[in-house]
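Trainee: So here's entry.csv (CSV, C-alpha atoms).
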```csv
chain,number,residue,atom,x,y,z
A,3,MET,CA,0.0,0.0,0.0
A,4,GLU,CA,1.3,3.5,-0.9
A,5,GLU,CA,2.3,5.6,2.1
A,6,TYR,CA,1.0,9.2,2.2
A,7,ILE,CA,3.0,11.4,4.5
A,8,LEU,CA,1.3,14.2,6.3
A,9,LYS,CA,4.3,15.4,8.3
A,10,THR,CA,8.0,14.6,8.8
A,11,ARG,CA,9.2,15.4,12.3
A,12,GLU,CA,12.6,16.9,13.2
A,13,ASP,CA,13.9,13.5,14.2
A,14,GLY,CA,13.1,12.1,10.8
A,15,THR,CA,10.0,10.1,11.9
A,16,THR,CA,6.8,10.7,10.0
A,17,ILE,CA,3.0,10.9,10.6
A,18,THR,CA,1.2,9.2,7.7
A,19,VAL,CA,-2.4,9.3,6.6
A,20,ARG,CA,-2.7,5.8,7.8
A,21,ASP,CA,-1.5,6.8,11.3
A,22,LEU,CA,-4.3,9.5,11.3
A,23,GLN,CA,-6.9,7.0,10.0
A,24,LEU,CA,-6.2,4.6,12.9
A,25,LYS,CA,-6.9,7.4,15.3
A,26,LEU,CA,-10.0,8.4,13.5
A,27,LEU,CA,-11.2,4.8,13.5
A,28,GLU,CA,-10.8,4.6,17.2
A,29,MET,CA,-12.9,7.8,17.5
A,30,LEU,CA,-15.6,6.4,15.2
A,31,LYS,CA,-15.9,3.3,17.3
A,32,ASP,CA,-16.3,5.3,20.5
A,33,ILE,CA,-18.9,7.6,18.8
A,34,ASP,CA,-20.8,4.5,17.5
A,35,VAL,CA,-21.0,3.1,21.0
A,36,VAL,CA,-22.7,6.3,22.4
A,37,CYS,CA,-24.9,6.7,19.4
A,38,ARG,CA,-26.2,3.1,19.7
A,39,LYS,CA,-26.8,3.6,23.4
A,40,HIS,CA,-28.8,6.8,22.9
A,41,LYS,CA,-30.5,5.6,19.7
A,42,VAL,CA,-28.9,8.3,17.5
A,43,GLN,CA,-29.3,7.3,13.9
A,44,TYR,CA,-26.3,8.4,11.9
A,45,TRP,CA,-24.4,7.3,8.8
A,46,LEU,CA,-21.0,7.8,7.2
A,47,THR,CA,-21.1,10.5,4.6
A,48,GLY,CA,-18.9,12.0,1.9
A,49,GLY,CA,-15.5,10.3,1.5
A,50,SER,CA,-16.1,8.1,4.6
A,51,CYS,CA,-19.2,6.6,3.0
A,52,LEU,CA,-17.3,6.2,-0.3
A,53,GLY,CA,-14.5,4.5,1.6
A,54,ALA,CA,-17.0,2.0,3.1
A,55,VAL,CA,-18.5,1.2,-0.2
A,56,ARG,CA,-15.4,1.1,-2.4
A,57,HIS,CA,-12.7,0.1,0.0
A,58,LYS,CA,-14.5,-1.4,3.0
A,59,GLY,CA,-12.6,1.2,5.1
A,60,PHE,CA,-10.9,4.5,4.5
A,61,ILE,CA,-10.0,5.7,1.1
A,62,PRO,CA,-6.2,5.2,1.3
A,63,TRP,CA,-5.4,8.9,0.9
A,64,ASP,CA,-8.4,10.3,2.8
A,65,ASP,CA,-7.3,12.4,5.8
A,66,ASP,CA,-10.7,13.1,7.5
A,67,ALA,CA,-13.9,11.4,8.6
A,68,ASP,CA,-17.5,12.6,8.3
A,69,ILE,CA,-20.8,11.5,9.7
A,70,GLY,CA,-24.3,12.9,9.1
A,71,MET,CA,-27.7,12.7,10.8
A,72,LEU,CA,-31.1,14.3,10.7
A,73,TYR,CA,-31.6,17.3,13.0
A,74,GLU,CA,-33.8,15.4,15.4
A,75,ASP,CA,-30.9,12.9,15.9
A,76,TYR,CA,-28.4,15.8,16.2
A,77,LEU,CA,-30.4,17.0,19.2
A,78,LYS,CA,-30.1,13.5,20.7
A,79,LEU,CA,-26.3,13.6,19.9
A,80,LEU,CA,-25.8,16.8,22.0
A,81,GLU,CA,-26.8,14.7,25.0
A,82,ALA,CA,-25.2,11.5,23.9
A,83,VAL,CA,-21.7,12.9,23.5
A,84,LYS,CA,-21.7,13.7,27.3
A,85,ASP,CA,-21.1,9.9,27.6
A,86,LEU,CA,-17.8,10.2,25.7
A,87,ASP,CA,-14.7,10.0,28.0
A,88,PRO,CA,-14.0,13.7,29.0
A,89,LYS,CA,-10.3,12.8,29.5
A,90,LYS,CA,-10.2,11.8,25.8
A,91,TYR,CA,-12.6,14.0,23.9
A,92,ILE,CA,-13.7,17.6,23.5
A,93,VAL,CA,-17.0,18.4,21.7
A,94,GLN,CA,-17.3,21.8,19.9
A,95,SER,CA,-20.5,23.2,18.4
A,96,PHE,CA,-22.5,26.4,18.3
A,97,GLU,CA,-24.6,25.0,21.2
A,98,THR,CA,-21.5,24.6,23.4
A,99,HIS,CA,-19.2,27.4,22.1
A,100,LYS,CA,-20.6,30.8,21.0
A,101,GLU,CA,-17.3,31.5,19.2
A,102,TYR,CA,-17.8,28.3,17.1
A,103,ASN,CA,-17.6,29.0,13.4
A,104,VAL,CA,-21.1,28.2,12.1
A,105,LEU,CA,-19.8,27.9,8.5
A,106,ILE,CA,-18.1,24.6,9.3
A,107,PRO,CA,-20.0,21.3,10.0
A,108,ALA,CA,-22.4,21.6,13.0
A,109,MET,CA,-20.1,19.7,15.4
A,110,LYS,CA,-16.5,18.7,15.7
A,111,ILE,CA,-15.7,15.8,18.1
A,112,ARG,CA,-12.0,16.3,18.9
A,113,LEU,CA,-9.4,14.0,20.3
A,114,LYS,CA,-7.4,15.5,23.2
A,115,HIS,CA,-3.6,15.5,23.2
A,116,THR,CA,-3.5,15.8,19.5
A,117,TYR,CA,-3.2,18.8,17.1
A,118,CYS,CA,-4.2,19.6,13.5
A,119,GLU,CA,-4.4,22.6,11.3
A,120,GLU,CA,-6.6,22.6,8.2
A,121,TYR,CA,-5.7,24.2,4.9
A,122,ASN,CA,-8.9,26.3,4.5
A,123,ALA,CA,-8.4,29.5,6.4
A,124,LEU,CA,-12.1,30.4,5.9
A,125,LEU,CA,-13.1,27.4,8.0
A,126,LYS,CA,-10.5,28.1,10.8
A,127,ASN,CA,-11.3,26.7,14.3
A,128,LYS,CA,-12.4,29.6,16.5
A,129,CYS,CA,-12.6,27.5,19.7
A,130,LYS,CA,-9.6,27.9,22.0
A,131,ASP,CA,-10.0,24.7,24.1
A,132,SER,CA,-8.7,22.3,21.4
A,133,ASP,CA,-7.3,22.0,17.9
A,134,GLY,CA,-7.2,18.2,18.1
A,135,ILE,CA,-7.9,15.9,15.2
A,136,PHE,CA,-11.7,15.5,14.7
A,137,ILE,CA,-14.7,13.8,13.3
A,138,ASP,CA,-17.0,16.2,11.5
A,139,VAL,CA,-20.8,15.9,12.2
A,140,PHE,CA,-23.1,17.3,9.5
A,141,ILE,CA,-26.8,18.0,10.0
A,142,ILE,CA,-29.0,16.6,7.3
A,143,ASP,CA,-32.4,18.3,7.0
A,144,TYR,CA,-35.6,18.4,4.9
A,145,VAL,CA,-35.4,20.2,1.6
A,146,SER,CA,-38.1,21.7,-0.5
A,147,GLU,CA,-39.0,20.0,-3.8
A,148,ASN,CA,-39.6,23.5,-5.2
A,149,HIS,CA,-36.2,24.3,-6.8
A,150,VAL,CA,-36.9,28.0,-6.9
A,151,LYS,CA,-37.9,28.2,-3.3
A,152,ASP,CA,-34.8,26.2,-2.4
A,153,PHE,CA,-32.6,28.4,-4.4
A,154,VAL,CA,-33.9,31.6,-2.8
A,155,CYS,CA,-33.4,30.3,0.7
A,156,ARG,CA,-29.9,29.1,-0.1
A,157,CYS,CA,-29.0,32.5,-1.5
A,158,ARG,CA,-30.3,34.2,1.6
A,159,ASN,CA,-28.0,32.2,3.8
A,160,GLY,CA,-25.2,32.4,1.3
A,161,ILE,CA,-25.2,36.2,1.7
A,162,LEU,CA,-25.1,35.8,5.4
A,163,MET,CA,-22.2,33.3,5.0
A,164,LEU,CA,-20.2,36.0,3.2
A,165,LEU,CA,-20.8,38.6,5.9
A,166,ILE,CA,-20.0,36.1,8.7
A,167,ALA,CA,-16.8,35.0,7.0
A,168,ALA,CA,-15.6,38.6,6.4
A,169,LEU,CA,-16.2,39.5,10.1
A,170,GLU,CA,-14.7,36.3,11.4
A,171,ASN,CA,-11.5,37.0,9.4
A,172,LEU,CA,-11.4,40.5,11.0
A,173,HIS,CA,-11.4,38.6,14.3
A,174,ILE,CA,-15.0,39.8,15.1
A,175,ASN,CA,-17.5,37.3,16.4
A,176,PRO,CA,-20.8,38.3,14.6
A,177,LEU,CA,-23.0,36.5,17.1
A,178,PRO,CA,-26.4,38.1,15.9
A,179,LEU,CA,-25.6,37.1,12.3
A,180,LYS,CA,-24.6,33.6,13.3
A,181,LYS,CA,-27.8,33.1,15.3
A,182,ARG,CA,-29.8,34.3,12.3
A,183,TYR,CA,-27.9,32.0,10.0
A,184,VAL,CA,-28.6,29.0,12.1
A,185,ARG,CA,-32.2,30.0,12.8
A,186,ASN,CA,-32.8,30.3,9.0
A,187,ALA,CA,-31.6,26.7,8.5
A,188,ARG,CA,-33.7,25.4,11.3
A,189,LYS,CA,-36.8,27.2,10.0
A,190,TYR,CA,-36.3,26.0,6.5
A,191,GLY,CA,-36.0,22.4,7.6
A,192,LYS,CA,-39.1,22.6,9.7
A,193,GLN,CA,-41.1,24.2,6.9
A,194,ASN,CA,-40.2,21.3,4.7
A,195,GLN,CA,-40.5,18.4,7.1
A,196,ASP,CA,-43.1,16.7,5.0
A,197,SER,CA,-40.8,16.7,1.9
A,198,PRO,CA,-39.5,13.3,0.7
A,199,MET,CA,-36.1,15.0,0.0
A,200,ILE,CA,-33.2,15.7,2.4
A,201,GLY,CA,-29.7,17.1,2.2
A,202,PHE,CA,-27.1,19.3,3.9
A,203,ASP,CA,-28.9,21.8,6.0
A,204,LEU,CA,-28.6,25.5,5.1
A,205,THR,CA,-25.6,26.1,7.4
A,206,TRP,CA,-23.5,24.3,4.7
A,207,CYS,CA,-23.6,26.7,1.8
A,208,PHE,CA,-20.5,25.6,-0.1
A,209,ASN,CA,-22.2,23.5,-2.7
A,210,SER,CA,-23.7,25.1,-5.8
A,211,PHE,CA,-27.0,26.8,-5.1
A,212,PHE,CA,-28.2,25.4,-8.4
A,213,HIS,CA,-27.0,21.9,-7.6
A,214,PRO,CA,-27.2,21.4,-3.9
A,215,VAL,CA,-26.6,18.0,-2.2
A,216,VAL,CA,-30.1,16.5,-2.1
A,217,TYR,CA,-31.4,12.9,-2.1
A,218,PRO,CA,-34.5,11.0,-1.2
A,219,LYS,CA,-34.9,10.3,2.6
A,220,GLU,CA,-36.1,6.8,1.7
A,221,SER,CA,-32.7,6.1,0.2
A,222,ILE,CA,-31.1,6.5,3.7
A,223,PHE,CA,-33.4,4.5,6.0
A,224,PRO,CA,-33.1,2.0,7.3
A,225,ILE,CA,-29.4,2.4,7.7
A,226,GLN,CA,-27.2,-0.6,7.3
A,227,TYR,CA,-24.0,-1.6,9.1
A,228,VAL,CA,-21.3,-2.7,6.8
A,229,PRO,CA,-17.6,-3.7,7.2
A,230,PHE,CA,-15.3,-0.8,7.7
A,231,GLU,CA,-11.7,-1.6,8.5
A,232,ASP,CA,-11.9,-4.0,11.5
A,233,THR,CA,-15.4,-3.0,12.6
A,234,MET,CA,-18.9,-2.4,11.3
A,235,LEU,CA,-20.2,1.2,10.7
A,236,PRO,CA,-23.5,2.5,9.3
A,237,ILE,CA,-24.1,3.8,5.8
A,238,PRO,CA,-27.4,4.6,3.9
A,239,LYS,CA,-29.7,1.8,2.7
A,240,ARG,CA,-29.0,2.9,-0.8
A,241,PRO,CA,-25.6,4.7,-0.7
A,242,LYS,CA,-25.4,5.3,-4.4
A,243,ASP,CA,-28.0,8.2,-4.1
A,244,LEU,CA,-25.9,9.9,-1.5
A,245,LEU,CA,-22.6,9.4,-3.3
A,246,ASP,CA,-24.0,10.5,-6.6
A,247,ALA,CA,-25.0,13.8,-5.0
A,248,GLU,CA,-22.1,14.3,-2.7
A,249,VAL,CA,-19.2,12.9,-4.6
A,250,SER,CA,-19.8,12.1,-8.3
A,251,VAL,CA,-22.0,9.8,-10.4
A,252,ASN,CA,-18.7,8.1,-11.2
A,253,HIS,CA,-17.7,7.6,-7.6
A,254,MET,CA,-16.8,4.0,-8.0
A,255,SER,CA,-14.0,5.0,-10.4
A,256,TYR,CA,-10.7,6.0,-8.9
A,257,PRO,CA,-9.7,9.7,-9.5
A,258,PRO,CA,-6.5,10.5,-11.6
A,259,LYS,CA,-3.3,9.6,-9.7
A,260,LYS,CA,-2.4,13.2,-9.2
A,261,ASP,CA,-5.7,13.7,-7.2
A,262,GLN,CA,-5.0,10.7,-5.0
A,263,GLN,CA,-3.6,12.9,-2.2
A,264,PRO,CA,-4.7,14.0,1.2
A,265,LYS,CA,-6.2,17.5,1.0
A,266,HIS,CA,-7.4,18.6,4.4
A,267,ILE,CA,-4.5,18.6,6.9
A,268,LYS,CA,-1.8,21.3,6.8
A,269,ASP,CA,-0.1,20.4,10.1
A,270,ILE,CA,-0.6,17.6,12.6
A,271,ALA,CA,0.8,16.3,15.9
A,272,PHE,CA,0.0,13.3,18.1
```
Turn this file's structure into structure tokens for me.
Mentor:
Amino acid sequence: MEEYILKTREDGTTITVRDLQLKLLEMLKDIDVVCRKHKVQYWLTGGSCLGAVRHKGFIPWDDDADIGMLYEDYLKLLEAVKDLDPKKYIVQSFETHKEYNVLIPAMKIRLKHTYCEEYNALLKNKCKDSDGIFIDVFIIDYVSENHVKDFVCRCRNGILMLLIAALENLHINPLPLKKRYVRNARKYGKQNQDSPMIGFDLTWCFNSFFHPVVYPKESIFPIQYVPFEDTMLPIPKRPKDLLDAEVSVNHMSYPPKKDQQPKHIKDIAF
């Protein structure tokens, strides 16, 4: 297996993508235990889901891990994570940290005594209690079948996103704007709770407003546990629908060799 190096230390030793993946796997196992205990339904999403389907584990060069869940389960998760070992984990979200950057996934579950820095300055961690390696938690919510209505609502939060990002980069915490941004997302999901379609909630505005990540709710449930590395983790009932929307309709084909590289982590330490 090819080795992907994230960092070479001063003593010549290295931290590889595989080293990071083994840490993330340990975290995923711990999160799965508390989610099962508290009946939080979640699933691997993005590259993590693709890894489960195509590799039965991590994509060899993938340097992060993502999970998703409906908002109703996210509320359960806010309580469930209290069962994670406090000596091992720190949980960051807008509900727990008012300085939290609402433009990033709704929650980061971080491993203590580790450090990482991401490449994207726009998504910089604003919480001071940890920069540890993390699992991203995305909220999946109901989406209107009316494309015009959906587009207008996404644009509204997209404008707020630009304002929040600008102020954040000036080291200003725009709390009223952040509250409005999150409130808009919750209101939109609630208004469309009878829709058969779900996707990233409106706090995640980085996908095209014309082609948002949306798929049928019935393609997710019931979730299924499948082999992932040396354990079993949950993915959608019909993962193709999610992967077609989130990754590519050609997701089972490997990308060009030049694109088979880690892309999230700028610096790291264990």
Trainee: Go through A:Phe272, A:Val83, A:Phe202, A:Gly70 one by one, measure the shortest atom-to-atom distance of each to Thr16 in chain A using all atoms listed in the file, and give the residue with the smallest value.
Mentor: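 Selected residue with least distance to Thr16 in chain A: A:Phe272.
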Trainee: Would you list the contacts of range 195-201 of chain A as a short mmCIF file (atom, residue, chain, number, x, y, z; two decimals) with C-alpha atoms, in the frame of the given file, taking every protein, DNA or RNA residue within 10 Å and counting only C-alpha atoms, but skipping same-chain residues closer than 3 positions in sequence?
Mentor:
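Full text of out_16.cif as output:
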```cif
data_model
loop_
_atom_site.label_atom_id
_atom_site.label_comp_id
_atom_site.auth_asym_id
_atom_site.auth_seq_id
_atom_site.Cartn_x
_atom_site.Cartn_y
_atom_site.Cartn_z
CA GLY A 70 -24.30 12.90 9.10
CA MET A 71 -27.70 12.70 10.80
CA LEU A 72 -31.10 14.30 10.70
CA PHE A 140 -23.10 17.30 9.50
CA ILE A 141 -26.80 18.00 10.00
CA ILE A 142 -29.00 16.60 7.30
CA ASP A 143 -32.40 18.30 7.00
CA TYR A 144 -35.60 18.40 4.90
CA VAL A 145 -35.40 20.20 1.60
CA SER A 146 -38.10 21.70 -0.50
CA GLU A 147 -39.00 20.00 -3.80
CA ASN A 148 -39.60 23.50 -5.20
CA LYS A 189 -36.80 27.20 10.00
CA TYR A 190 -36.30 26.00 6.50
CA GLY A 191 -36.00 22.40 7.60
CA LYS A 192 -39.10 22.60 9.70
CA LEU A 204 -28.60 25.50 5.10
CA TRP A 206 -23.50 24.30 4.70
CA PRO A 214 -27.20 21.40 -3.90
CA VAL A 215 -26.60 18.00 -2.20
CA VAL A 216 -30.10 16.50 -2.10
CA TYR A 217 -31.40 12.90 -2.10
CA PRO A 218 -34.50 11.00 -1.20
CA LYS A 219 -34.90 10.30 2.60
CA GLU A 220 -36.10 6.80 1.70
CA SER A 221 -32.70 6.10 0.20
CA ILE A 222 -31.10 6.50 3.70
CA LEU A 244 -25.90 9.90 -1.50
CA ALA A 247 -25.00 13.80 -5.00
CA GLU A 248 -22.10 14.30 -2.70
#
```
Trainee: Tell me which of A:Cys118, A:Leu22, A:Leu80, A:Cys155 sits closest to Phe211 in chain A, counting only C-alpha atoms.
Mentor: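 Comparing A:Cys118, A:Leu22, A:Leu80, A:Cys155 against Phe211 in chain A, the winner is A:Cys155.
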Trainee: Using Å and a single decimal, report how far CA of Asn127 in chain A sits from CA of Asn159 in chain A.
Mentor: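 Result for CA of Asn159 in chain A versus CA of Asn127 in chain A: 20.5 Å, one decimal.
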Trainee: Could you check how far CA of Asp243 in chain A sits from CA of Tyr227 in chain A, in Å to one decimal?
Mentor: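 Between these atoms lies a distance of 16.9 Å.
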Trainee: Of the candidates A:Pro229, A:Pro107, A:Gly48, A:Pro176, which shows the shortest atom-to-atom distance to Ser250 in chain A, using all atoms listed in the file?
Mentor: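 For Ser250 in chain A, the nearest of the candidates is A:Gly48.
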Trainee: If you measure from CA of Glu101 in chain A to CA of Leu46 in chain A, what distance in Å do you get, rounded to one decimal?
Mentor: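 Computed distance, CA of Glu101 in chain A to CA of Leu46 in chain A, equals 26.8 Å.
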Trainee: Please determine the residues with any atom at most 12 Å from (-14.8, 8.0, -1.0) (coordinates as given in the file, with all atoms listed in the file counting) and report them as JSON, numbers by chain.
Mentor: {"A": [46, 47, 48, 49, 50, 51, 52, 53, 54, 55, 56, 57, 58, 59, 60, 61, 62, 63, 64, 65, 66, 67, 68, 241, 242, 244, 245, 246, 248, 249, 250, 251, 252, 253, 254, 255, 256, 257, 262, 264]}
